[in-house]
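What's in upload-v4.pdb: PDB, C-alpha atoms
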ATOM      1  CA  MET A  16      -4.064 -18.715 201.670
ATOM      2  CA  TYR A  17      -2.339 -15.776 199.977
ATOM      3  CA  ALA A  18      -4.455 -14.744 197.055
ATOM      4  CA  ARG A  19      -5.762 -12.114 194.664
ATOM      5  CA  ASP A  20      -8.938 -12.108 192.592
ATOM      6  CA  SER A  21      -9.209 -11.013 188.966
ATOM      7  CA  THR A  22     -12.679  -9.516 189.360
ATOM      8  CA  ALA A  23     -13.139  -5.869 188.331
ATOM      9  CA  SER A  24     -13.160  -4.194 191.746
ATOM     10  CA  ALA A  25     -10.742  -3.135 194.476
ATOM     11  CA  SER A  26     -11.468  -6.166 196.619
ATOM     12  CA  SER A  27     -13.672  -9.181 196.664
ATOM     13  CA  GLY A  28     -14.857 -11.896 198.951
ATOM     14  CA  ILE A  29     -13.761 -15.465 199.359
ATOM     15  CA  PHE A  30     -16.333 -18.224 199.473
ATOM     16  CA  GLY A  31     -16.212 -21.923 200.175
ATOM     17  CA  GLY A  32     -17.703 -25.053 201.540
ATOM     18  CA  PHE A  33     -17.028 -28.445 203.043
ATOM     19  CA  ASN A  34     -17.679 -31.907 201.607
ATOM     20  CA  GLY A  35     -19.103 -30.507 198.402
ATOM     21  CA  GLN A  36     -21.790 -28.460 200.174
ATOM     22  CA  TYR A  37     -21.605 -25.222 198.207
ATOM     23  CA  GLY A  38     -25.026 -23.871 197.351
ATOM     24  CA  GLY A  39     -28.138 -25.978 197.340
ATOM     25  CA  ASN A  40     -28.475 -26.011 201.122
ATOM     26  CA  SER A  41     -28.386 -23.570 204.044
ATOM     27  CA  ASN A  42     -26.037 -25.213 206.496
ATOM     28  CA  TYR A  43     -23.608 -22.338 207.087
ATOM     29  CA  SER A  44     -23.731 -19.346 209.411
ATOM     30  CA  PHE A  45     -21.154 -16.891 210.716
ATOM     31  CA  THR A  46     -20.473 -13.975 213.026
ATOM     32  CA  ASN A  47     -18.034 -11.355 211.754
ATOM     33  CA  LEU A  48     -15.780  -8.680 213.265
ATOM     34  CA  LEU A  49     -14.226  -6.225 210.823
ATOM     35  CA  GLY A  50     -12.008  -3.170 211.012
ATOM     36  CA  ASN A  51     -11.257  -1.148 207.889
ATOM     37  CA  GLY A  52      -9.468   1.904 209.238
ATOM     38  CA  ILE A  53     -12.698   3.892 209.336
ATOM     39  CA  ALA A  54     -14.861   1.845 211.635
ATOM     40  CA  ALA A  55     -15.109  -1.432 213.496
ATOM     41  CA  THR A  56     -18.259  -3.342 212.645
ATOM     42  CA  SER A  57     -19.879  -6.678 213.309
ATOM     43  CA  SER A  58     -22.445  -8.626 211.371
ATOM     44  CA  ARG A  59     -24.044 -12.056 211.275
ATOM     45  CA  ALA A  60     -25.541 -14.262 208.627
ATOM     46  CA  THR A  61     -27.644 -17.363 209.198
ATOM     47  CA  ASN A  62     -28.772 -20.243 207.010
ATOM     48  CA  GLN A  63     -26.281 -19.500 204.271
ATOM     49  CA  PRO A  64     -25.547 -21.764 201.276
ATOM     50  CA  TYR A  65     -21.760 -21.378 201.572
ATOM     51  CA  ILE A  66     -18.931 -19.865 203.603
ATOM     52  CA  SER A  67     -18.557 -16.166 202.830
ATOM     53  CA  ALA A  68     -15.822 -13.726 203.858
ATOM     54  CA  ASP A  69     -16.593 -10.485 202.060
ATOM     55  CA  GLY A  70     -13.925  -7.931 201.250
ATOM     56  CA  ALA A  71     -11.121 -10.388 201.956
ATOM     57  CA  PHE A  72      -8.871 -10.176 198.879
ATOM     58  CA  PRO A  73      -7.456  -7.458 196.683
ATOM     59  CA  ALA A  74      -8.827  -7.569 193.174
ATOM     60  CA  ALA A  75      -8.149  -6.163 189.704
ATOM     61  CA  SER A  76      -8.388  -2.422 190.402
ATOM     62  CA  SER A  77      -6.153  -2.535 193.488
ATOM     63  CA  THR A  78      -2.393  -1.910 193.410
ATOM     64  CA  SER A  79      -0.630  -4.556 191.412
ATOM     65  CA  GLY A  80       1.212  -7.095 193.513
ATOM     66  CA  THR A  81      -1.005  -6.811 196.577
ATOM     67  CA  PHE A  82      -2.438 -10.048 197.865
ATOM     68  CA  GLY A  83      -4.640 -10.866 200.830
ATOM     69  CA  ALA A  84      -3.727 -13.299 203.608
ATOM     70  CA  THR A  85      -6.303 -15.707 204.978
ATOM     71  CA  THR A  86      -6.217 -18.530 207.485
ATOM     72  CA  TRP A  87      -9.008 -20.982 208.171
ATOM     73  CA  ASP A  88      -8.661 -22.956 211.398
ATOM     74  CA  ILE A  89     -10.945 -25.976 211.526
ATOM     75  CA  LEU A  90     -10.671 -27.751 214.859
ATOM     76  CA  ASN A  91     -11.927 -31.262 215.466
ATOM     77  CA  TYR A  92     -12.618 -31.698 211.745
ATOM     78  CA  SER A  93     -13.081 -35.465 211.951
ATOM     79  CA  ASN A  94     -15.427 -35.465 214.951
ATOM     80  CA  THR A  95     -18.743 -37.072 213.998
ATOM     81  CA  SER A  96     -20.613 -36.066 217.168
ATOM     82  CA  ALA A  97     -20.620 -32.296 216.801
ATOM     83  CA  PHE A  98     -21.178 -29.562 214.231
ATOM     84  CA  LYS A  99     -18.028 -27.971 212.843
ATOM     85  CA  THR A 100     -16.901 -24.553 214.025
ATOM     86  CA  TYR A 101     -14.142 -22.735 212.171
ATOM     87  CA  LEU A 102     -12.185 -19.500 212.459
ATOM     88  CA  ASN A 103     -11.619 -17.329 209.399
ATOM     89  CA  ARG A 104      -8.922 -14.658 209.692
ATOM     90  CA  ASN A 105      -8.346 -12.313 206.771
ATOM     91  CA  ALA A 106      -6.149  -9.295 206.263
ATOM     92  CA  TYR A 107      -5.247  -7.111 203.309
ATOM     93  CA  ASP A 108      -3.856  -3.604 203.036
ATOM     94  CA  LEU A 109      -3.800  -1.344 199.982
ATOM     95  CA  ASN A 110      -2.051   1.664 201.572
ATOM     96  CA  GLY A 111      -5.151   3.773 201.983
ATOM     97  CA  SER A 112      -7.799   1.097 202.208
ATOM     98  CA  GLY A 113      -7.930  -2.429 203.472
ATOM     99  CA  GLY A 114      -9.336  -4.509 206.246
ATOM    100  CA  THR A 115      -8.666  -6.960 209.019
ATOM    101  CA  TYR A 116     -11.362  -9.487 209.503
ATOM    102  CA  LEU A 117     -12.252 -12.216 212.007
ATOM    103  CA  SER A 118     -15.151 -14.554 211.417
ATOM    104  CA  VAL A 119     -16.435 -17.486 213.445
ATOM    105  CA  GLY A 120     -18.453 -19.871 211.349
ATOM    106  CA  LEU A 121     -20.628 -22.920 211.870
ATOM    107  CA  TRP A 122     -21.241 -25.752 209.437
ATOM    108  CA  ARG A 123     -24.251 -27.652 210.719
ATOM    109  CA  SER A 124     -23.080 -31.112 209.868
ATOM    110  CA  THR A 125     -21.630 -33.860 212.047
ATOM    111  CA  ALA A 126     -19.859 -35.428 209.067
ATOM    112  CA  ALA A 127     -16.090 -35.591 209.145
ATOM    113  CA  ILE A 128     -14.630 -33.047 206.744
ATOM    114  CA  ASN A 129     -13.041 -34.745 203.748
ATOM    115  CA  SER A 130     -12.892 -31.862 201.278
ATOM    116  CA  VAL A 131     -12.587 -28.081 201.293
ATOM    117  CA  LEU A 132     -13.714 -25.905 198.396
ATOM    118  CA  ILE A 133     -12.431 -22.330 198.039
ATOM    119  CA  VAL A 134     -14.018 -19.994 195.488
ATOM    120  CA  CYS A 135     -13.558 -16.332 194.572
ATOM    121  CA  ALA A 136     -15.716 -13.921 192.591
ATOM    122  CA  ALA A 137     -13.885 -14.437 189.303
ATOM    123  CA  THR A 138     -10.553 -16.285 189.156
ATOM    124  CA  PHE A 139      -7.560 -16.474 191.467
ATOM    125  CA  VAL A 140      -4.635 -14.783 189.728
ATOM    126  CA  ALA A 141      -1.304 -16.446 189.079
ATOM    127  CA  GLY A 142       0.831 -16.505 192.207
ATOM    128  CA  SER A 143      -2.073 -17.144 194.574
ATOM    129  CA  THR A 144      -1.089 -19.916 196.984
ATOM    130  CA  PHE A 145      -3.140 -22.301 199.091
ATOM    131  CA  VAL A 146      -1.630 -24.719 201.603
ATOM    132  CA  LEU A 147      -3.460 -27.288 203.720
ATOM    133  CA  TYR A 148      -1.923 -28.290 207.037
ATOM    134  CA  GLY A 149      -2.887 -31.007 209.444
ATOM    135  CA  VAL A 150      -2.311 -30.528 213.165
ATOM    136  CA  ARG A 151      -1.776 -33.701 215.170
ATOM    137  CA  THR A 152      -2.717 -34.371 218.734
ATOM    138  CA  VAL A 153      -0.959 -36.577 221.269
ATOM    139  CA  GLY A 154      -0.686 -40.137 220.055
ATOM    140  CA  GLN A 155      -1.190 -39.389 216.372
TER
ATOM    141  CA  MET B  10       4.465 -27.331 216.872
ATOM    142  CA  PHE B  11       4.592 -30.427 219.090
ATOM    143  CA  PRO B  12       1.565 -32.011 220.796
ATOM    144  CA  ILE B  13       2.156 -32.163 224.566
ATOM    145  CA  ALA B  14      -1.181 -33.264 226.046
ATOM    146  CA  SER B  15      -4.879 -33.470 225.275
ATOM    147  CA  VAL B  16      -7.978 -33.456 227.470
ATOM    148  CA  THR B  17     -11.369 -34.613 226.168
ATOM    149  CA  VAL B  18     -14.370 -34.289 228.463
ATOM    150  CA  GLY B  19     -16.371 -37.488 228.850
ATOM    151  CA  ALA B  20     -19.858 -38.329 229.963
ATOM    152  CA  GLY B  21     -21.011 -36.318 232.938
ATOM    153  CA  GLY B  22     -18.897 -33.294 232.076
ATOM    154  CA  SER B  23     -16.004 -31.759 233.957
ATOM    155  CA  SER B  24     -15.777 -28.655 236.152
ATOM    156  CA  THR B  25     -12.250 -27.875 234.981
ATOM    157  CA  ILE B  26      -9.812 -28.748 232.236
ATOM    158  CA  SER B  27      -6.245 -28.792 233.517
ATOM    159  CA  PHE B  28      -2.681 -29.456 232.495
ATOM    160  CA  SER B  29       0.175 -30.027 234.924
ATOM    161  CA  SER B  30       3.880 -30.804 234.802
ATOM    162  CA  ILE B  31       4.151 -28.942 231.502
ATOM    163  CA  PRO B  32       7.617 -29.615 230.098
ATOM    164  CA  GLN B  33       9.951 -26.649 230.115
ATOM    165  CA  THR B  34      11.719 -27.622 226.914
ATOM    166  CA  PHE B  35       9.771 -25.430 224.506
ATOM    167  CA  THR B  36       9.739 -21.667 223.932
ATOM    168  CA  HIS B  37       6.011 -21.002 223.530
ATOM    169  CA  LEU B  38       2.751 -22.806 224.216
ATOM    170  CA  GLU B  39      -0.470 -22.978 222.232
ATOM    171  CA  LEU B  40      -3.869 -24.237 223.372
ATOM    172  CA  ARG B  41      -6.501 -25.267 220.815
ATOM    173  CA  CYS B  42      -9.935 -25.425 222.398
ATOM    174  CA  PHE B  43     -13.175 -26.962 221.124
ATOM    175  CA  ILE B  44     -15.320 -26.138 224.068
ATOM    176  CA  ALA B  45     -18.802 -25.673 225.526
ATOM    177  CA  THR B  46     -20.307 -25.354 229.011
ATOM    178  CA  ASN B  47     -23.660 -26.412 230.396
ATOM    179  CA  ARG B  48     -24.927 -22.844 230.756
ATOM    180  CA  GLY B  49     -28.644 -22.940 230.161
ATOM    181  CA  THR B  50     -30.815 -20.823 227.836
ATOM    182  CA  TYR B  51     -27.919 -18.899 226.304
ATOM    183  CA  GLY B  52     -25.648 -19.479 223.352
ATOM    184  CA  THR B  53     -22.266 -18.592 224.795
ATOM    185  CA  ASP B  54     -20.326 -18.563 228.016
ATOM    186  CA  ASN B  55     -16.876 -17.444 229.100
ATOM    187  CA  ALA B  56     -14.129 -19.506 230.674
ATOM    188  CA  TYR B  57     -11.261 -18.344 232.829
ATOM    189  CA  LEU B  58      -7.710 -19.463 232.213
ATOM    190  CA  ARG B  59      -5.356 -19.538 235.199
ATOM    191  CA  LEU B  60      -1.675 -20.356 235.251
ATOM    192  CA  GLY B  61       0.762 -21.472 237.880
ATOM    193  CA  ASN B  62       4.074 -22.973 238.854
ATOM    194  CA  GLY B  63       3.830 -26.154 240.891
ATOM    195  CA  GLY B  64       0.112 -25.494 241.235
ATOM    196  CA  ILE B  65      -2.486 -22.943 240.091
ATOM    197  CA  ASP B  66      -2.371 -19.287 241.100
ATOM    198  CA  SER B  67      -5.931 -18.404 242.156
ATOM    199  CA  GLY B  68      -5.028 -14.953 243.493
ATOM    200  CA  SER B  69      -5.932 -11.553 242.056
ATOM    201  CA  ASN B  70      -2.937 -11.668 239.783
ATOM    202  CA  TYR B  71      -4.576 -11.513 236.397
ATOM    203  CA  ALA B  72      -5.842  -8.872 233.977
ATOM    204  CA  SER B  73      -7.607  -9.198 230.640
ATOM    205  CA  HIS B  74      -8.904  -7.222 227.676
ATOM    206  CA  GLU B  75     -11.037  -8.083 224.714
ATOM    207  CA  VAL B  76     -12.693  -6.692 221.618
ATOM    208  CA  TYR B  77     -15.594  -8.594 220.162
ATOM    209  CA  GLY B  78     -18.450  -8.476 217.734
ATOM    210  CA  ASP B  79     -21.769 -10.210 218.236
ATOM    211  CA  GLY B  80     -23.482  -9.271 215.019
ATOM    212  CA  ALA B  81     -25.303  -6.351 216.597
ATOM    213  CA  GLY B  82     -22.252  -4.262 217.374
ATOM    214  CA  VAL B  83     -18.638  -4.101 218.456
ATOM    215  CA  ALA B  84     -17.633  -3.786 222.104
ATOM    216  CA  SER B  85     -14.601  -3.994 224.298
ATOM    217  CA  GLY B  86     -14.041  -4.862 227.923
ATOM    218  CA  GLY B  87     -11.394  -5.596 230.484
ATOM    219  CA  GLN B  88     -10.618  -6.930 233.932
ATOM    220  CA  VAL B  89      -8.082  -5.608 236.443
ATOM    221  CA  SER B  90      -6.476  -7.547 239.290
ATOM    222  CA  THR B  91      -8.903 -10.412 238.926
ATOM    223  CA  THR B  92      -8.842 -14.007 240.124
ATOM    224  CA  ALA B  93     -10.724 -15.222 237.047
ATOM    225  CA  PRO B  94      -9.532 -13.809 233.715
ATOM    226  CA  PHE B  95     -12.211 -14.654 231.172
ATOM    227  CA  LEU B  96     -10.036 -15.099 228.119
ATOM    228  CA  ILE B  97     -11.868 -17.971 226.474
ATOM    229  CA  LYS B  98     -15.235 -17.951 224.696
ATOM    230  CA  THR B  99     -17.269 -21.130 224.894
ATOM    231  CA  GLY B 100     -20.403 -22.523 223.349
ATOM    232  CA  THR B 101     -23.163 -24.025 225.443
ATOM    233  CA  GLY B 102     -23.855 -27.139 223.445
ATOM    234  CA  VAL B 103     -26.960 -25.602 221.938
ATOM    235  CA  ILE B 104     -27.663 -27.279 218.584
ATOM    236  CA  SER B 105     -24.381 -29.152 219.150
ATOM    237  CA  SER B 106     -22.236 -26.081 218.539
ATOM    238  CA  PHE B 107     -18.945 -25.676 220.307
ATOM    239  CA  ALA B 108     -16.743 -22.595 220.392
ATOM    240  CA  ILE B 109     -13.178 -22.723 219.213
ATOM    241  CA  ASP B 110     -10.308 -20.748 220.708
ATOM    242  CA  ILE B 111      -6.633 -20.608 219.868
ATOM    243  CA  VAL B 112      -4.616 -19.341 222.832
ATOM    244  CA  THR B 113      -0.935 -18.485 222.590
ATOM    245  CA  ILE B 114       1.397 -18.149 225.591
ATOM    246  CA  LEU B 115       4.715 -16.741 224.472
ATOM    247  CA  ASP B 116       7.976 -17.201 226.381
ATOM    248  CA  TYR B 117       6.265 -19.284 229.078
ATOM    249  CA  THR B 118       9.500 -20.463 230.733
ATOM    250  CA  ASN B 119      11.056 -17.019 231.068
ATOM    251  CA  THR B 120      11.532 -16.113 234.747
ATOM    252  CA  ASN B 121      12.184 -12.418 234.085
ATOM    253  CA  LYS B 122       8.815 -11.544 232.561
ATOM    254  CA  TYR B 123       5.152 -11.528 233.426
ATOM    255  CA  LYS B 124       3.245 -13.821 231.083
ATOM    256  CA  THR B 125       1.062 -12.435 228.290
ATOM    257  CA  LEU B 126      -1.556 -14.573 226.557
ATOM    258  CA  ARG B 127      -3.478 -13.968 223.355
ATOM    259  CA  ASN B 128      -6.718 -15.559 222.211
ATOM    260  CA  ILE B 129      -8.678 -15.623 218.953
ATOM    261  CA  GLY B 130     -12.006 -17.369 219.190
ATOM    262  CA  GLY B 131     -15.752 -17.447 219.286
ATOM    263  CA  VAL B 132     -18.911 -19.337 218.465
ATOM    264  CA  ASP B 133     -21.908 -19.106 216.136
ATOM    265  CA  ILE B 134     -25.238 -20.868 216.750
ATOM    266  CA  ASN B 135     -27.183 -19.912 213.605
ATOM    267  CA  GLY B 136     -30.159 -18.105 215.083
ATOM    268  CA  THR B 137     -30.446 -16.619 218.523
ATOM    269  CA  ILE B 138     -31.130 -17.710 222.062
ATOM    270  CA  ALA B 139     -31.955 -14.994 224.575
ATOM    271  CA  GLY B 140     -30.898 -12.535 221.889
ATOM    272  CA  PHE B 141     -27.489 -14.047 221.390
ATOM    273  CA  GLY B 142     -26.386 -15.659 218.137
ATOM    274  CA  GLY B 143     -22.616 -15.571 217.959
ATOM    275  CA  ILE B 144     -19.428 -13.886 218.979
ATOM    276  CA  ALA B 145     -16.059 -13.296 217.303
ATOM    277  CA  ALA B 146     -13.442 -12.138 219.794
ATOM    278  CA  LEU B 147      -9.831 -11.121 220.202
ATOM    279  CA  GLY B 148      -8.542 -11.306 223.758
ATOM    280  CA  SER B 149      -5.442 -10.734 225.852
ATOM    281  CA  GLU B 150      -4.507 -11.779 229.345
ATOM    282  CA  LEU B 151      -1.709 -10.929 231.750
ATOM    283  CA  TRP B 152      -0.470 -13.161 234.548
ATOM    284  CA  MET B 153       1.457 -10.921 236.916
ATOM    285  CA  ASN B 154       4.036 -13.467 237.900
ATOM    286  CA  THR B 155       7.521 -14.102 236.573
ATOM    287  CA  ALA B 156       7.464 -17.813 237.385
ATOM    288  CA  ALA B 157       7.693 -20.330 234.582
ATOM    289  CA  VAL B 158       4.359 -21.867 233.638
ATOM    290  CA  THR B 159       4.020 -25.518 234.652
ATOM    291  CA  ASN B 160       0.244 -25.629 235.223
ATOM    292  CA  ILE B 161      -2.843 -24.417 233.329
ATOM    293  CA  SER B 162      -6.450 -24.568 234.519
ATOM    294  CA  ILE B 163      -9.598 -23.615 232.589
ATOM    295  CA  GLY B 164     -12.999 -23.257 234.239
ATOM    296  CA  PRO B 165     -16.473 -21.997 233.228
ATOM    297  CA  GLN B 166     -17.924 -18.623 234.251
ATOM    298  CA  SER B 167     -21.703 -19.094 234.223
ATOM    299  CA  GLY B 168     -22.095 -22.807 233.649
ATOM    300  CA  SER B 169     -20.868 -25.351 236.167
ATOM    301  CA  LEU B 170     -19.349 -27.866 233.785
ATOM    302  CA  PHE B 171     -17.683 -28.264 230.434
ATOM    303  CA  ILE B 172     -19.899 -30.649 228.503
ATOM    304  CA  GLN B 173     -19.010 -33.977 226.974
ATOM    305  CA  GLY B 174     -17.138 -33.575 223.730
ATOM    306  CA  SER B 175     -15.229 -30.493 224.839
ATOM    307  CA  ARG B 176     -11.525 -30.871 224.241
ATOM    308  CA  VAL B 177      -8.375 -28.844 224.715
ATOM    309  CA  ASP B 178      -5.074 -29.736 223.071
ATOM    310  CA  LEU B 179      -1.802 -28.314 224.398
ATOM    311  CA  TYR B 180       1.131 -27.772 222.044
ATOM    312  CA  GLY B 181       4.717 -26.701 222.504
ATOM    313  CA  ILE B 182       6.408 -24.444 219.990
ATOM    314  CA  SER B 183      10.134 -24.734 219.627
ATOM    315  CA  THR B 184      12.553 -22.287 218.130
ATOM    316  CA  SER B 185      14.941 -25.081 217.218
ATOM    317  CA  ASN B 186      15.324 -26.520 213.744
ATOM    318  CA  ALA B 187      13.402 -29.661 214.632
ATOM    319  CA  THR B 188      10.242 -30.347 212.704
ATOM    320  CA  GLY B 189       6.982 -31.108 214.404
ATOM    321  CA  ALA B 190       3.230 -31.131 214.085
TER
END
Could I get this file's structure written as C-alpha cells?
Amino acid sequence: MYARDSTASASSGIFGGFNGQYGGNSNYSFTNLLGNGIAATSSRATNQPYISADGAFPAASSTSGTFGATTWDILNYSNTSAFKTYLNRNAYDLNGSGGTYLSVGLWRSTAAINSVLIVCAATFVAGSTFVLYGVRTVGQ
Amino acid sequence: MFPIASVTVGAGGSSTISFSSIPQTFTHLELRCFIATNRGTYGTDNAYLRLGNGGIDSGSNYASHEVYGDGAGVASGGQVSTTAPFLIKTGTGVISSFAIDIVTILDYTNTNKYKTLRNIGGVDINGTIAGFGGIAALGSELWMNTAAVTNISIGPQSGSLFIQGSRVDLYGISTSNATGA
C-alpha cells in the first residue's frame, strides 16, 4: 500500500479487518514497535474490534505529495487449523517528522481469509495504490 | 520469487526444520516461517538458524543482534561467537497462535563474503502468560564463513520441538528477468 489520508491532521492511522470482521467483535490484538526520530516505543492492544496501525500515513496538513508505505504479510492465510498472525510494516517521512513502525497482529479465527478490508480516518486521496499479491509454495 | 522447498511439521512435532541441497541458481534466499515450539507456560520462544555447506556448521561461527518491543518497552540484545544464533521468534501454540518470521539471506552463493541474514517477525497472544503477551522484532545474523549456503537448520531454544502445524517455506530470488511467485 502507498497511501495518503484526507483527514485534517499531519498523519493518521490505517485500520482494517478480515472476512468482514470490522467492528462488532473483539478478535484482533497486536504488539507494536515504533520509532519516530525522538524515541523508540512499544505498545500492545488486546481484544480489539479491528486492525489498527496508528500514525501510519501522511494526511492533509503534511507536505503535499508525501505518501506512506505499508506492507501486510499474512502467512498461511488459508490454514483452517490455526489463528492468523500477520506482520504490518509502515513507514512515512515528512522531513522533520515521521515514523517507522512494525506491528505483529493476531486475528483469532481459524477461518481461511477470503477478504481484506482497509480503512482510513477519512478518505484515501487520489493516487493511493493498493496491490494484493499471492505467494505460492512448492507444488502450487 | 521462486518456491524451492517447504517443510510442514506433522503430528508428534519435530526437533528441527531443515533444508539441504539448496540449489545454487538463485541470488538470494527468503524463508517464510509460521512457527511455534512446545515451550510450556510462556507465550514465545526463540529459534536458532544455522547454515552450512555440505552439512550444518554447529561451531561458534555466528553472531546476532536484535531490537524488539514487547508492549512494555523496547530492548536490544546480541550474541557474539555463538553456536546458536537466535534469529527467529516463535509462538508456543498457546491459544493456537503461531509466530511469523520473514528471513532474508542475501548473496548466499557468494564465496567471497560472510553471510548476513535479516529477520522481521514476532507473535501476539492477546493477553499474557507469565507476563508475556507479544513481541515485534527486527533481527540480524552473521555467519562467519565464506562458503556458499547449501544447508539450513532451525531449532528451538527453550522448547524441545516445533509443534504440529509449524511450517517453513524456502524461496529463491533471482536477479534475472524471469517471472516467478
Task: Straight-line distance linking CA of Asn91 (chain A) with CA of Tyr43 (chain A), stated in Å to one decimal - done: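 That distance, rounded to one decimal, is 16.9 Å.
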Open item on the list: Let me make sure I understand: among B:Tyr51, B:Tyr71, B:Phe43, B:Phe141, which one has the smallest atom-to-atom distance to chain A if we use all atoms listed in the file?
Closed with: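 Smallest distance to chain A is found for B:Phe43.
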Open item on the list: Which residues, named as in the file, does the PyMOL selection byres ((chain B) within 6 of (chain A)) pick out? Answer as number ranges by chain.
Closed with: B: 12, 14, 78, 80, 82-83, 105-106, 131-133, 135, 143, 145, 190
Pull C-alpha atoms from the residues just selected and write them as an mmCIF file, in the frame of the given file.
data_model
loop_
_atom_site.group_PDB
_atom_site.id
_atom_site.type_symbol
_atom_site.label_atom_id
_atom_site.label_comp_id
_atom_site.auth_asym_id
_atom_site.auth_seq_id
_atom_site.Cartn_x
_atom_site.Cartn_y
_atom_site.Cartn_z
ATOM 1 C CA PRO B 12 1.565 -32.011 220.796
ATOM 2 C CA ALA B 14 -1.181 -33.264 226.046
ATOM 3 C CA GLY B 78 -18.450 -8.476 217.734
ATOM 4 C CA GLY B 80 -23.482 -9.271 215.019
ATOM 5 C CA GLY B 82 -22.252 -4.262 217.374
ATOM 6 C CA VAL B 83 -18.638 -4.101 218.456
ATOM 7 C CA SER B 105 -24.381 -29.152 219.150
ATOM 8 C CA SER B 106 -22.236 -26.081 218.539
ATOM 9 C CA GLY B 131 -15.752 -17.447 219.286
ATOM 10 C CA VAL B 132 -18.911 -19.337 218.465
ATOM 11 C CA ASP B 133 -21.908 -19.106 216.136
ATOM 12 C CA ASN B 135 -27.183 -19.912 213.605
ATOM 13 C CA GLY B 143 -22.616 -15.571 217.959
ATOM 14 C CA ALA B 145 -16.059 -13.296 217.303
ATOM 15 C CA ALA B 190 3.230 -31.131 214.085
#
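In this model, the gap between CA of Ile182 (chain B) and CA of Ile111 (chain B) comes to 13.6 Å.
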Open item on the list: Between CA of Ile104 (chain B) and CA of Gln173 (chain B), what is the distance in Å, rounded to a tenth?
Closed with: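 Interatomic distance, CA of Ile104 (chain B) to CA of Gln173 (chain B): 13.8 Å.
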Could you write out as an mmCIF file with C-alpha atoms, keeping the file's coordinate frame the residues that the PyMOL selection byres ((chain B and resi 23) around 7) matches in the shown file?
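Generated output (part.cif):
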data_model
loop_
_atom_site.group_PDB
_atom_site.id
_atom_site.type_symbol
_atom_site.label_atom_id
_atom_site.label_comp_id
_atom_site.auth_asym_id
_atom_site.auth_seq_id
_atom_site.Cartn_x
_atom_site.Cartn_y
_atom_site.Cartn_z
ATOM 1 C CA VAL B 18 -14.370 -34.289 228.463
ATOM 2 C CA GLY B 21 -21.011 -36.318 232.938
ATOM 3 C CA GLY B 22 -18.897 -33.294 232.076
ATOM 4 C CA SER B 24 -15.777 -28.655 236.152
ATOM 5 C CA THR B 25 -12.250 -27.875 234.981
ATOM 6 C CA LEU B 170 -19.349 -27.866 233.785
ATOM 7 C CA PHE B 171 -17.683 -28.264 230.434
ATOM 8 C CA ILE B 172 -19.899 -30.649 228.503
#
- [ ] Apply the PyMOL selection byres ((chain A and resi 24) around 7) to the displayed file and report the matching residues as a PyMOL selection string.
- [x] chain A and resi 22-23+25-26+74-76
- [ ] Find the residues near Asn34 (chain A): any atom within 7 Å, counting all atoms listed in the file, skip ones fewer than 2 places away on the same chain, and give them as a ChimeraX atom specification.
- [x] /A:32,36,128-131
Task: Residues within 7 Å of Leu126 (chain B), only C-alpha atoms, excluding chain neighbours under 3 positions, as JSON, numbers by chain - done: {"B": [112, 113, 114, 115, 149, 150, 151]}
